[in-house]
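What follows is the content of input-v1.pdb, which has PDB, C-alpha atoms and all ligand atoms:
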```
ATOM      1  CA  MET A   1     -25.778   3.422  18.356  1.00  0.00           C
ATOM      2  CA  GLY A   2     -28.839   5.653  18.278  1.00  0.00           C
ATOM      3  CA  LEU A   3     -29.050   9.078  16.784  1.00  0.00           C
ATOM      4  CA  PHE A   4     -28.956  10.802  20.152  1.00  0.00           C
ATOM      5  CA  THR A   5     -26.302   8.707  21.851  1.00  0.00           C
ATOM      6  CA  LYS A   6     -22.594   9.246  21.493  1.00  0.00           C
ATOM      7  CA  ASP A   7     -20.765   6.258  20.004  1.00  0.00           C
ATOM      8  CA  ILE A   8     -17.648   6.748  22.092  1.00  0.00           C
ATOM      9  CA  ALA A   9     -18.330   6.962  25.814  1.00  0.00           C
ATOM     10  CA  THR A  10     -15.462   5.146  27.486  1.00  0.00           C
ATOM     11  CA  MET A  11     -11.734   4.747  27.027  1.00  0.00           C
ATOM     12  CA  ASP A  12     -12.436   1.177  25.836  1.00  0.00           C
ATOM     13  CA  ASP A  13     -14.702   2.605  23.119  1.00  0.00           C
ATOM     14  CA  LEU A  14     -12.011   5.075  22.134  1.00  0.00           C
ATOM     15  CA  PHE A  15      -9.412   2.296  21.966  1.00  0.00           C
ATOM     16  CA  LEU A  16     -11.679   0.235  19.725  1.00  0.00           C
ATOM     17  CA  HIS A  17     -12.418   3.221  17.494  1.00  0.00           C
ATOM     18  CA  THR A  18      -8.707   3.925  17.062  1.00  0.00           C
ATOM     19  CA  LEU A  19      -8.054   0.263  16.328  1.00  0.00           C
ATOM     20  CA  GLN A  20     -10.736   0.419  13.617  1.00  0.00           C
ATOM     21  CA  ASP A  21      -9.149   3.603  12.277  1.00  0.00           C
ATOM     22  CA  ILE A  22      -5.700   2.027  11.852  1.00  0.00           C
ATOM     23  CA  TYR A  23      -7.276  -1.182  10.471  1.00  0.00           C
ATOM     24  CA  TYR A  24      -8.908   0.887   7.729  1.00  0.00           C
ATOM     25  CA  ALA A  25      -5.666   2.832   7.203  1.00  0.00           C
ATOM     26  CA  GLU A  26      -3.540  -0.334   6.804  1.00  0.00           C
ATOM     27  CA  LYS A  27      -6.005  -1.651   4.227  1.00  0.00           C
ATOM     28  CA  GLN A  28      -5.861   1.603   2.263  1.00  0.00           C
ATOM     29  CA  ILE A  29      -2.045   1.394   2.408  1.00  0.00           C
ATOM     30  CA  THR A  30      -2.094  -2.086   0.840  1.00  0.00           C
ATOM     31  CA  LYS A  31      -4.051  -0.549  -2.053  1.00  0.00           C
ATOM     32  CA  ALA A  32      -1.688   2.420  -2.410  1.00  0.00           C
ATOM     33  CA  LEU A  33       1.649   0.568  -2.214  1.00  0.00           C
ATOM     34  CA  PRO A  34       1.333  -1.352  -5.521  1.00  0.00           C
ATOM     35  CA  GLN A  35       1.048   1.983  -7.343  1.00  0.00           C
ATOM     36  CA  MET A  36       4.107   3.278  -5.506  1.00  0.00           C
ATOM     37  CA  ILE A  37       6.011   0.106  -6.450  1.00  0.00           C
ATOM     38  CA  ASP A  38       5.090   0.739 -10.107  1.00  0.00           C
ATOM     39  CA  LYS A  39       6.121   4.390  -9.997  1.00  0.00           C
ATOM     40  CA  ALA A  40       9.463   3.974  -8.191  1.00  0.00           C
ATOM     41  CA  SER A  41      12.562   3.922 -10.419  1.00  0.00           C
ATOM     42  CA  ASP A  42      15.297   3.229  -7.890  1.00  0.00           C
ATOM     43  CA  SER A  43      15.491  -0.547  -7.478  1.00  0.00           C
ATOM     44  CA  GLN A  44      16.188  -0.384  -3.731  1.00  0.00           C
ATOM     45  CA  LEU A  45      13.182   1.900  -3.248  1.00  0.00           C
ATOM     46  CA  LYS A  46      10.984  -0.395  -5.334  1.00  0.00           C
ATOM     47  CA  GLN A  47      12.146  -3.382  -3.282  1.00  0.00           C
ATOM     48  CA  GLY A  48      11.608  -1.446  -0.053  1.00  0.00           C
ATOM     49  CA  PHE A  49       7.981  -0.773  -0.998  1.00  0.00           C
ATOM     50  CA  LYS A  50       7.505  -4.463  -1.903  1.00  0.00           C
ATOM     51  CA  THR A  51       8.912  -5.558   1.447  1.00  0.00           C
ATOM     52  CA  HIS A  52       6.663  -3.119   3.282  1.00  0.00           C
ATOM     53  CA  LEU A  53       3.597  -4.302   1.370  1.00  0.00           C
ATOM     54  CA  ALA A  54       4.289  -7.848   2.617  1.00  0.00           C
ATOM     55  CA  GLU A  55       4.827  -6.480   6.147  1.00  0.00           C
ATOM     56  CA  THR A  56       1.593  -4.492   5.936  1.00  0.00           C
ATOM     57  CA  ASN A  57      -0.377  -7.634   5.086  1.00  0.00           C
ATOM     58  CA  GLU A  58       1.035  -9.231   8.253  1.00  0.00           C
ATOM     59  CA  GLN A  59       0.212  -6.085  10.240  1.00  0.00           C
ATOM     60  CA  ILE A  60      -3.429  -6.424   9.166  1.00  0.00           C
ATOM     61  CA  LYS A  61      -3.453 -10.010  10.462  1.00  0.00           C
ATOM     62  CA  ARG A  62      -1.901  -8.795  13.724  1.00  0.00           C
ATOM     63  CA  LEU A  63      -4.686  -6.205  14.099  1.00  0.00           C
ATOM     64  CA  GLU A  64      -7.239  -8.967  13.505  1.00  0.00           C
ATOM     65  CA  GLN A  65      -5.668 -10.857  16.440  1.00  0.00           C
ATOM     66  CA  VAL A  66      -6.090  -7.751  18.616  1.00  0.00           C
ATOM     67  CA  PHE A  67      -9.773  -7.480  17.619  1.00  0.00           C
ATOM     68  CA  LYS A  68     -10.163 -11.173  18.474  1.00  0.00           C
ATOM     69  CA  ALA A  69      -8.520 -10.705  21.882  1.00  0.00           C
ATOM     70  CA  LEU A  70     -11.087  -7.968  22.552  1.00  0.00           C
ATOM     71  CA  GLY A  71     -13.910 -10.254  21.451  1.00  0.00           C
ATOM     72  CA  LYS A  72     -14.732  -7.947  18.532  1.00  0.00           C
ATOM     73  CA  GLU A  73     -15.141  -8.502  14.798  1.00  0.00           C
ATOM     74  CA  PRO A  74     -12.408  -6.806  12.739  1.00  0.00           C
ATOM     75  CA  LYS A  75     -13.972  -3.727  11.187  1.00  0.00           C
ATOM     76  CA  GLY A  76     -12.664  -0.477   9.756  1.00  0.00           C
ATOM     77  CA  VAL A  77     -13.953   3.052  10.174  1.00  0.00           C
ATOM     78  CA  ASP A  78     -13.317   5.791   7.648  1.00  0.00           C
ATOM     79  CA  CYS A  79     -10.049   7.542   8.296  1.00  0.00           C
ATOM     80  CA  PRO A  80     -10.024  10.837   6.383  1.00  0.00           C
ATOM     81  CA  ALA A  81      -6.438  11.453   7.526  1.00  0.00           C
ATOM     82  CA  ILE A  82      -4.914   8.477   5.694  1.00  0.00           C
ATOM     83  CA  ASP A  83      -7.200   9.045   2.693  1.00  0.00           C
ATOM     84  CA  GLY A  84      -5.891  12.622   2.535  1.00  0.00           C
ATOM     85  CA  ILE A  85      -2.243  11.591   2.812  1.00  0.00           C
ATOM     86  CA  ILE A  86      -2.662   8.997   0.047  1.00  0.00           C
ATOM     87  CA  GLU A  87      -4.683  11.363  -2.159  1.00  0.00           C
ATOM     88  CA  GLU A  88      -2.077  14.083  -1.837  1.00  0.00           C
ATOM     89  CA  SER A  89       0.720  11.645  -2.638  1.00  0.00           C
ATOM     90  CA  ASN A  90      -1.134  10.482  -5.766  1.00  0.00           C
ATOM     91  CA  ASP A  91      -1.680  14.091  -6.829  1.00  0.00           C
ATOM     92  CA  ILE A  92       1.979  14.985  -6.394  1.00  0.00           C
ATOM     93  CA  ALA A  93       3.197  11.793  -8.067  1.00  0.00           C
ATOM     94  CA  GLY A  94       0.928  12.528 -11.027  1.00  0.00           C
ATOM     95  CA  ASP A  95       2.451  15.990 -11.377  1.00  0.00           C
ATOM     96  CA  VAL A  96       6.144  15.015 -11.265  1.00  0.00           C
ATOM     97  CA  SER A  97       7.590  14.320 -14.702  1.00  0.00           C
ATOM     98  CA  ASP A  98      11.229  13.640 -13.790  1.00  0.00           C
ATOM     99  CA  LYS A  99      11.863  10.056 -12.581  1.00  0.00           C
ATOM    100  CA  GLN A 100      14.522  10.998 -10.038  1.00  0.00           C
ATOM    101  CA  VAL A 101      12.368  13.773  -8.594  1.00  0.00           C
ATOM    102  CA  LEU A 102       9.439  11.343  -8.531  1.00  0.00           C
ATOM    103  CA  ASP A 103      11.475   8.962  -6.341  1.00  0.00           C
ATOM    104  CA  ALA A 104      12.129  11.800  -3.877  1.00  0.00           C
ATOM    105  CA  ALA A 105       8.396  12.634  -3.886  1.00  0.00           C
ATOM    106  CA  LEU A 106       7.462   8.982  -3.298  1.00  0.00           C
ATOM    107  CA  ILE A 107       9.803   8.757  -0.307  1.00  0.00           C
ATOM    108  CA  ALA A 108       8.336  11.946   1.178  1.00  0.00           C
ATOM    109  CA  ALA A 109       4.796  10.605   0.711  1.00  0.00           C
ATOM    110  CA  ALA A 110       5.688   7.214   2.197  1.00  0.00           C
ATOM    111  CA  GLN A 111       7.252   8.893   5.231  1.00  0.00           C
ATOM    112  CA  ALA A 112       4.046  10.859   5.820  1.00  0.00           C
ATOM    113  CA  VAL A 113       2.206   7.516   5.868  1.00  0.00           C
ATOM    114  CA  GLU A 114       4.739   5.922   8.243  1.00  0.00           C
ATOM    115  CA  HIS A 115       4.550   8.852  10.640  1.00  0.00           C
ATOM    116  CA  TYR A 116       0.755   8.693  10.687  1.00  0.00           C
ATOM    117  CA  GLU A 117       0.965   4.992  11.516  1.00  0.00           C
ATOM    118  CA  MET A 118       3.548   5.641  14.226  1.00  0.00           C
ATOM    119  CA  THR A 119       1.244   8.100  16.005  1.00  0.00           C
ATOM    120  CA  ARG A 120      -1.643   5.645  15.924  1.00  0.00           C
ATOM    121  CA  TYR A 121       0.327   2.616  17.158  1.00  0.00           C
ATOM    122  CA  GLY A 122       2.107   4.714  19.811  1.00  0.00           C
ATOM    123  CA  THR A 123      -1.263   5.856  21.141  1.00  0.00           C
ATOM    124  CA  LEU A 124      -2.790   2.367  21.050  1.00  0.00           C
ATOM    125  CA  ILE A 125       0.163   0.948  22.997  1.00  0.00           C
ATOM    126  CA  ALA A 126      -0.113   3.650  25.685  1.00  0.00           C
ATOM    127  CA  TRP A 127      -3.875   3.126  25.971  1.00  0.00           C
ATOM    128  CA  ALA A 128      -3.596  -0.683  26.072  1.00  0.00           C
ATOM    129  CA  GLN A 129      -1.190  -0.340  28.984  1.00  0.00           C
ATOM    130  CA  GLN A 130      -3.476   2.135  30.751  1.00  0.00           C
ATOM    131  CA  LEU A 131      -6.469  -0.167  30.271  1.00  0.00           C
ATOM    132  CA  GLY A 132      -4.595  -3.101  31.788  1.00  0.00           C
ATOM    133  CA  ARG A 133      -4.424  -4.936  28.453  1.00  0.00           C
ATOM    134  CA  SER A 134      -0.694  -5.538  28.385  1.00  0.00           C
ATOM    135  CA  ASP A 135      -1.462  -8.684  26.337  1.00  0.00           C
ATOM    136  CA  LEU A 136      -2.252  -6.381  23.388  1.00  0.00           C
ATOM    137  CA  VAL A 137       1.015  -4.456  23.628  1.00  0.00           C
ATOM    138  CA  ALA A 138       3.329  -7.035  21.992  1.00  0.00           C
ATOM    139  CA  PRO A 139       1.570  -7.272  18.585  1.00  0.00           C
ATOM    140  CA  LEU A 140       1.091  -3.488  18.440  1.00  0.00           C
ATOM    141  CA  GLN A 141       4.727  -2.898  19.406  1.00  0.00           C
ATOM    142  CA  LYS A 142       5.953  -5.326  16.724  1.00  0.00           C
ATOM    143  CA  THR A 143       4.113  -3.327  14.093  1.00  0.00           C
ATOM    144  CA  LEU A 144       5.289   0.013  15.517  1.00  0.00           C
ATOM    145  CA  ASP A 145       8.875  -1.250  15.300  1.00  0.00           C
ATOM    146  CA  GLU A 146       8.333  -2.175  11.626  1.00  0.00           C
ATOM    147  CA  GLU A 147       6.908   1.262  10.829  1.00  0.00           C
ATOM    148  CA  LYS A 148       9.858   2.946  12.545  1.00  0.00           C
ATOM    149  CA  ALA A 149      12.362   0.741  10.722  1.00  0.00           C
ATOM    150  CA  THR A 150      10.654   1.506   7.400  1.00  0.00           C
ATOM    151  CA  ASP A 151      10.796   5.232   8.127  1.00  0.00           C
ATOM    152  CA  LYS A 152      14.517   4.971   8.926  1.00  0.00           C
ATOM    153  CA  LYS A 153      15.228   3.037   5.713  1.00  0.00           C
ATOM    154  CA  LEU A 154      13.395   5.694   3.694  1.00  0.00           C
ATOM    155  CA  THR A 155      15.442   8.463   5.341  1.00  0.00           C
ATOM    156  CA  MET A 156      18.614   6.529   4.577  1.00  0.00           C
ATOM    157  CA  MET A 157      17.707   6.093   0.894  1.00  0.00           C
ATOM    158  CA  ALA A 158      16.702   9.748   0.554  1.00  0.00           C
ATOM    159  CA  GLU A 159      19.811  11.133   2.186  1.00  0.00           C
ATOM    160  CA  SER A 160      22.333   8.704   0.706  1.00  0.00           C
ATOM    161  CA  LYS A 161      21.298   9.050  -2.941  1.00  0.00           C
ATOM    162  CA  VAL A 162      17.715   9.825  -3.980  1.00  0.00           C
ATOM    163  CA  ASN A 163      17.623  13.508  -2.937  1.00  0.00           C
ATOM    164  CA  ARG A 164      21.040  14.167  -4.472  1.00  0.00           C
ATOM    165  CA  ARG A 165      20.057  12.592  -7.805  1.00  0.00           C
ATOM    166  CA  ALA A 166      16.758  14.480  -7.788  1.00  0.00           C
ATOM    167  CA  ALA A 167      18.551  17.786  -7.239  1.00  0.00           C
ATOM    168  CA  SER A 168      21.222  17.279  -9.941  1.00  0.00           C
TER     169      SER A 168
HETATM  170 FE    FE K 201       1.420  -0.344   8.610  1.00  0.00          FE
HETATM  171 FE    FE K 202       3.859   1.376   7.276  1.00  0.00          FE
END
```
Output the structure of this file as structure tokens.
Ligand SMILES: [Fe+2]
Ligand SMILES: [Fe+2]
Amino acid sequence: MGLFTKDIATMDDLFLHTLQDIYYAEKQITKALPQMIDKASDSQLKQGFKTHLAETNEQIKRLEQVFKALGKEPKGVDCPAIDGIIEESNDIAGDVSDKQVLDAALIAAAQAVEHYEMTRYGTLIAWAQQLGRSDLVAPLQKTLDEEKATDKKLTMMAESKVNRRAAS
């Protein structure tokens, strides 16, 4: 696009931009999760991060299918929001010396990531429906369901043990 034209003119453009945003975000998440796996002490939490890393790799493939259905090349655009969430989580994790407290911090950081993803997928699903692309809803919904399930599992781990151990 030229210097004096706006890149996003239509709802289709906005949909594509948001798809590129979450594509970039998912890729950044696959780079961040291995560090979170390393830092986690609780074995269930560690395993949960491993499972979600595998899911995230599938989510990236699912996004590539959506790009394909739109006749577009998969491409990311910088997403300062996810970069900020990941940067802040790395900062906090670097500052926490106690292992149990670190687990609580990692869960909090991971839930910030999940909630960001949930807003993006929720929006994309609503827009796909509005644009008459109900064919794109199923893959996006599958991923949204995984993000929600991950968020729930994290809440369960935090409330059933991790927060209590961190506070004792
Ligand atoms: Fe994801
Ligand atoms: Fe996720």
Inset, instruction - One decimal, Å: what's the distance from CA of Gln130 (chain A) over to CA of Asn57 (chain A), could you say? - result: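 Calculated distance between CA of Gln130 (chain A) and CA of Asn57 (chain A) is 27.6 Å.
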Legend entry - From A:Leu144, A:Ser89, A:Ser160, A:Leu131, residue lying nearest ligand FE 201 (chain K) [all atoms listed in the file]: A:Leu144
Legend entry - Selection result for the PyMOL selection byres (((chain A and resi 163) around 12) and not hetatm) on this file, as a list in words: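 Here the PyMOL selection byres (((chain A and resi 163) around 12) and not hetatm) matches Asp42, Lys99, Gln100, Val101, Leu102, Asp103, Ala104, Ala105, Leu106, Ile107, Ala108, Leu154, Thr155, Met156, Met157, Ala158, Glu159, Ser160, Lys161, Val162, Arg164, Arg165, Ala166, Ala167 and Ser168 of chain A.
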Please evaluate the PyMOL selection byres (((chain A and resi 21-23) around 8) and not hetatm) against the structure above and give the resulting residues as a PDB file with C-alpha atoms, keeping the file's coordinate frame.
```pdb
ATOM      1  CA  HIS A  17     -12.418   3.221  17.494  1.00  0.00           C
ATOM      2  CA  THR A  18      -8.707   3.925  17.062  1.00  0.00           C
ATOM      3  CA  LEU A  19      -8.054   0.263  16.328  1.00  0.00           C
ATOM      4  CA  GLN A  20     -10.736   0.419  13.617  1.00  0.00           C
ATOM      5  CA  TYR A  24      -8.908   0.887   7.729  1.00  0.00           C
ATOM      6  CA  ALA A  25      -5.666   2.832   7.203  1.00  0.00           C
ATOM      7  CA  GLU A  26      -3.540  -0.334   6.804  1.00  0.00           C
ATOM      8  CA  LYS A  27      -6.005  -1.651   4.227  1.00  0.00           C
ATOM      9  CA  ILE A  60      -3.429  -6.424   9.166  1.00  0.00           C
ATOM     10  CA  LEU A  63      -4.686  -6.205  14.099  1.00  0.00           C
ATOM     11  CA  PRO A  74     -12.408  -6.806  12.739  1.00  0.00           C
ATOM     12  CA  LYS A  75     -13.972  -3.727  11.187  1.00  0.00           C
ATOM     13  CA  GLY A  76     -12.664  -0.477   9.756  1.00  0.00           C
ATOM     14  CA  VAL A  77     -13.953   3.052  10.174  1.00  0.00           C
ATOM     15  CA  ASP A  78     -13.317   5.791   7.648  1.00  0.00           C
ATOM     16  CA  CYS A  79     -10.049   7.542   8.296  1.00  0.00           C
ATOM     17  CA  GLU A 117       0.965   4.992  11.516  1.00  0.00           C
ATOM     18  CA  ARG A 120      -1.643   5.645  15.924  1.00  0.00           C
TER      19      ARG A 120
END
```
Inset, instruction - Run the PyMOL selection byres (((chain A and resi 149) around 12) and not hetatm) on the file and write out the hits as a PyMOL selection string. - result: chain A and resi 48+51-52+55+111+114-115+118+142-148+150-156
Inset, instruction - Give the answer as one residue: which of A:Ala138, A:Met11, A:Ala40, A:Leu33 has the shortest atom-to-atom distance to ligand FE 201 (chain K), using all atoms listed in the file? - result: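 That would be A:Leu33, the residue with the smallest distance to ligand FE 201 (chain K).
Between CA of Ile85 (chain A) and CA of Pro34 (chain A) the separation is 15.8 Å.
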Inset, instruction - Tell me which of A:Leu45, A:Ala110, A:Ile82, A:Leu140 sits closest to Phe67 (chain A), counting only C-alpha atoms. - result: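 Result for the nearest residue to Phe67 (chain A): A:Leu140.
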Inset, instruction - Find the residue from A:Ile92, A:Gln35, A:Asp13, A:Tyr121 that sits nearest to ligand FE 202 (chain K); use all atoms listed in the file when measuring. - result: A:Tyr121
Legend entry - For ligand FE 202 (chain K), the nearest of the candidates A:Val66, A:Ala9, A:Leu16, A:Val113, counting only C-alpha atoms and all ligand atoms: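 Closest to ligand FE 202 (chain K) of all the choices is A:Val113.
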Legend entry - Pick from A:Ala93, A:Leu124, A:Val137, A:Leu53, whichever lies nearest to ligand FE 201 (chain K) using all atoms listed in the file: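 Going through A:Ala93, A:Leu124, A:Val137, A:Leu53 one by one, the smallest distance to ligand FE 201 (chain K) is for A:Leu53.
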Legend entry - Between CA of Lys61 (chain A) and CA of Thr119 (chain A), distance in Å (one decimal):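 Result for CA of Lys61 (chain A) versus CA of Thr119 (chain A): 19.5 Å, one decimal.
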Padding 3 Å on every side, please: axis-aligned box over the listed atoms of region 128-144 of chain A, centre and edge lengths to one decimal in Å, as AutoDock Vina command-line options.
```
--center_x -0.3 --center_y -3.3 --center_z 22.9 --size_x 18.4 --size_y 16.8 --size_z 23.7
```
Would you mind completing region 6-26 of chain A so that it carries N, CA, C and O atoms, and writing it out as a PDB file, in the frame of the given file?
```pdb
ATOM      1  N   LYS A   6     -23.948   9.119  22.014  1.00  0.00           N
ATOM      2  CA  LYS A   6     -22.594   9.246  21.493  1.00  0.00           C
ATOM      3  C   LYS A   6     -21.978   7.848  21.396  1.00  0.00           C
ATOM      4  O   LYS A   6     -22.085   7.053  22.311  1.00  0.00           O
ATOM      5  N   ASP A   7     -21.339   7.580  20.235  1.00  0.00           N
ATOM      6  CA  ASP A   7     -20.765   6.258  20.004  1.00  0.00           C
ATOM      7  C   ASP A   7     -19.602   5.954  20.931  1.00  0.00           C
ATOM      8  O   ASP A   7     -19.352   4.805  21.263  1.00  0.00           O
ATOM      9  N   ILE A   8     -18.847   6.966  21.291  1.00  0.00           N
ATOM     10  CA  ILE A   8     -17.648   6.748  22.092  1.00  0.00           C
ATOM     11  C   ILE A   8     -17.878   7.355  23.476  1.00  0.00           C
ATOM     12  O   ILE A   8     -17.924   8.579  23.628  1.00  0.00           O
ATOM     13  N   ALA A   9     -18.068   6.477  24.456  1.00  0.00           N
ATOM     14  CA  ALA A   9     -18.330   6.962  25.814  1.00  0.00           C
ATOM     15  C   ALA A   9     -17.138   6.701  26.735  1.00  0.00           C
ATOM     16  O   ALA A   9     -16.805   7.537  27.566  1.00  0.00           O
ATOM     17  N   THR A  10     -16.529   5.546  26.553  1.00  0.00           N
ATOM     18  CA  THR A  10     -15.462   5.146  27.486  1.00  0.00           C
ATOM     19  C   THR A  10     -14.123   5.074  26.767  1.00  0.00           C
ATOM     20  O   THR A  10     -14.049   5.109  25.536  1.00  0.00           O
ATOM     21  N   MET A  11     -13.080   4.923  27.566  1.00  0.00           N
ATOM     22  CA  MET A  11     -11.734   4.747  27.027  1.00  0.00           C
ATOM     23  C   MET A  11     -11.651   3.454  26.203  1.00  0.00           C
ATOM     24  O   MET A  11     -10.942   3.400  25.204  1.00  0.00           O
ATOM     25  N   ASP A  12     -12.392   2.424  26.618  1.00  0.00           N
ATOM     26  CA  ASP A  12     -12.436   1.177  25.836  1.00  0.00           C
ATOM     27  C   ASP A  12     -13.032   1.429  24.457  1.00  0.00           C
ATOM     28  O   ASP A  12     -12.558   0.898  23.454  1.00  0.00           O
ATOM     29  N   ASP A  13     -14.085   2.252  24.407  1.00  0.00           N
ATOM     30  CA  ASP A  13     -14.702   2.605  23.119  1.00  0.00           C
ATOM     31  C   ASP A  13     -13.697   3.351  22.242  1.00  0.00           C
ATOM     32  O   ASP A  13     -13.610   3.124  21.032  1.00  0.00           O
ATOM     33  N   LEU A  14     -12.975   4.262  22.876  1.00  0.00           N
ATOM     34  CA  LEU A  14     -12.011   5.075  22.134  1.00  0.00           C
ATOM     35  C   LEU A  14     -10.880   4.206  21.590  1.00  0.00           C
ATOM     36  O   LEU A  14     -10.431   4.382  20.453  1.00  0.00           O
ATOM     37  N   PHE A  15     -10.443   3.240  22.407  1.00  0.00           N
ATOM     38  CA  PHE A  15      -9.412   2.296  21.966  1.00  0.00           C
ATOM     39  C   PHE A  15      -9.899   1.531  20.744  1.00  0.00           C
ATOM     40  O   PHE A  15      -9.197   1.425  19.735  1.00  0.00           O
ATOM     41  N   LEU A  16     -11.127   1.018  20.836  1.00  0.00           N
ATOM     42  CA  LEU A  16     -11.679   0.235  19.725  1.00  0.00           C
ATOM     43  C   LEU A  16     -11.806   1.097  18.471  1.00  0.00           C
ATOM     44  O   LEU A  16     -11.467   0.662  17.362  1.00  0.00           O
ATOM     45  N   HIS A  17     -12.270   2.323  18.641  1.00  0.00           N
ATOM     46  CA  HIS A  17     -12.418   3.221  17.494  1.00  0.00           C
ATOM     47  C   HIS A  17     -11.067   3.456  16.806  1.00  0.00           C
ATOM     48  O   HIS A  17     -10.968   3.427  15.572  1.00  0.00           O
ATOM     49  N   THR A  18     -10.036   3.649  17.619  1.00  0.00           N
ATOM     50  CA  THR A  18      -8.707   3.925  17.062  1.00  0.00           C
ATOM     51  C   THR A  18      -8.128   2.677  16.390  1.00  0.00           C
ATOM     52  O   THR A  18      -7.437   2.765  15.367  1.00  0.00           O
ATOM     53  N   LEU A  19      -8.448   1.529  16.956  1.00  0.00           N
ATOM     54  CA  LEU A  19      -8.054   0.263  16.328  1.00  0.00           C
ATOM     55  C   LEU A  19      -8.729   0.119  14.954  1.00  0.00           C
ATOM     56  O   LEU A  19      -8.102  -0.303  13.972  1.00  0.00           O
ATOM     57  N   GLN A  20      -9.996   0.482  14.884  1.00  0.00           N
ATOM     58  CA  GLN A  20     -10.736   0.419  13.617  1.00  0.00           C
ATOM     59  C   GLN A  20     -10.178   1.424  12.609  1.00  0.00           C
ATOM     60  O   GLN A  20     -10.129   1.161  11.413  1.00  0.00           O
ATOM     61  N   ASP A  21      -9.750   2.561  13.114  1.00  0.00           N
ATOM     62  CA  ASP A  21      -9.149   3.603  12.277  1.00  0.00           C
ATOM     63  C   ASP A  21      -7.869   3.086  11.626  1.00  0.00           C
ATOM     64  O   ASP A  21      -7.680   3.188  10.410  1.00  0.00           O
ATOM     65  N   ILE A  22      -6.972   2.487  12.416  1.00  0.00           N
ATOM     66  CA  ILE A  22      -5.700   2.027  11.852  1.00  0.00           C
ATOM     67  C   ILE A  22      -5.919   0.781  10.995  1.00  0.00           C
ATOM     68  O   ILE A  22      -5.207   0.567  10.012  1.00  0.00           O
ATOM     69  N   TYR A  23      -6.943  -0.008  11.308  1.00  0.00           N
ATOM     70  CA  TYR A  23      -7.276  -1.182  10.471  1.00  0.00           C
ATOM     71  C   TYR A  23      -7.677  -0.714   9.068  1.00  0.00           C
ATOM     72  O   TYR A  23      -7.198  -1.249   8.064  1.00  0.00           O
ATOM     73  N   TYR A  24      -8.516   0.296   9.019  1.00  0.00           N
ATOM     74  CA  TYR A  24      -8.908   0.887   7.729  1.00  0.00           C
ATOM     75  C   TYR A  24      -7.679   1.454   7.021  1.00  0.00           C
ATOM     76  O   TYR A  24      -7.478   1.245   5.826  1.00  0.00           O
ATOM     77  N   ALA A  25      -6.846   2.193   7.792  1.00  0.00           N
ATOM     78  CA  ALA A  25      -5.666   2.832   7.203  1.00  0.00           C
ATOM     79  C   ALA A  25      -4.721   1.793   6.591  1.00  0.00           C
ATOM     80  O   ALA A  25      -4.267   1.951   5.450  1.00  0.00           O
ATOM     81  N   GLU A  26      -4.448   0.703   7.323  1.00  0.00           N
ATOM     82  CA  GLU A  26      -3.540  -0.334   6.804  1.00  0.00           C
ATOM     83  C   GLU A  26      -4.093  -0.924   5.505  1.00  0.00           C
ATOM     84  O   GLU A  26      -3.346  -1.208   4.571  1.00  0.00           O
TER      85      GLU A  26
END
```
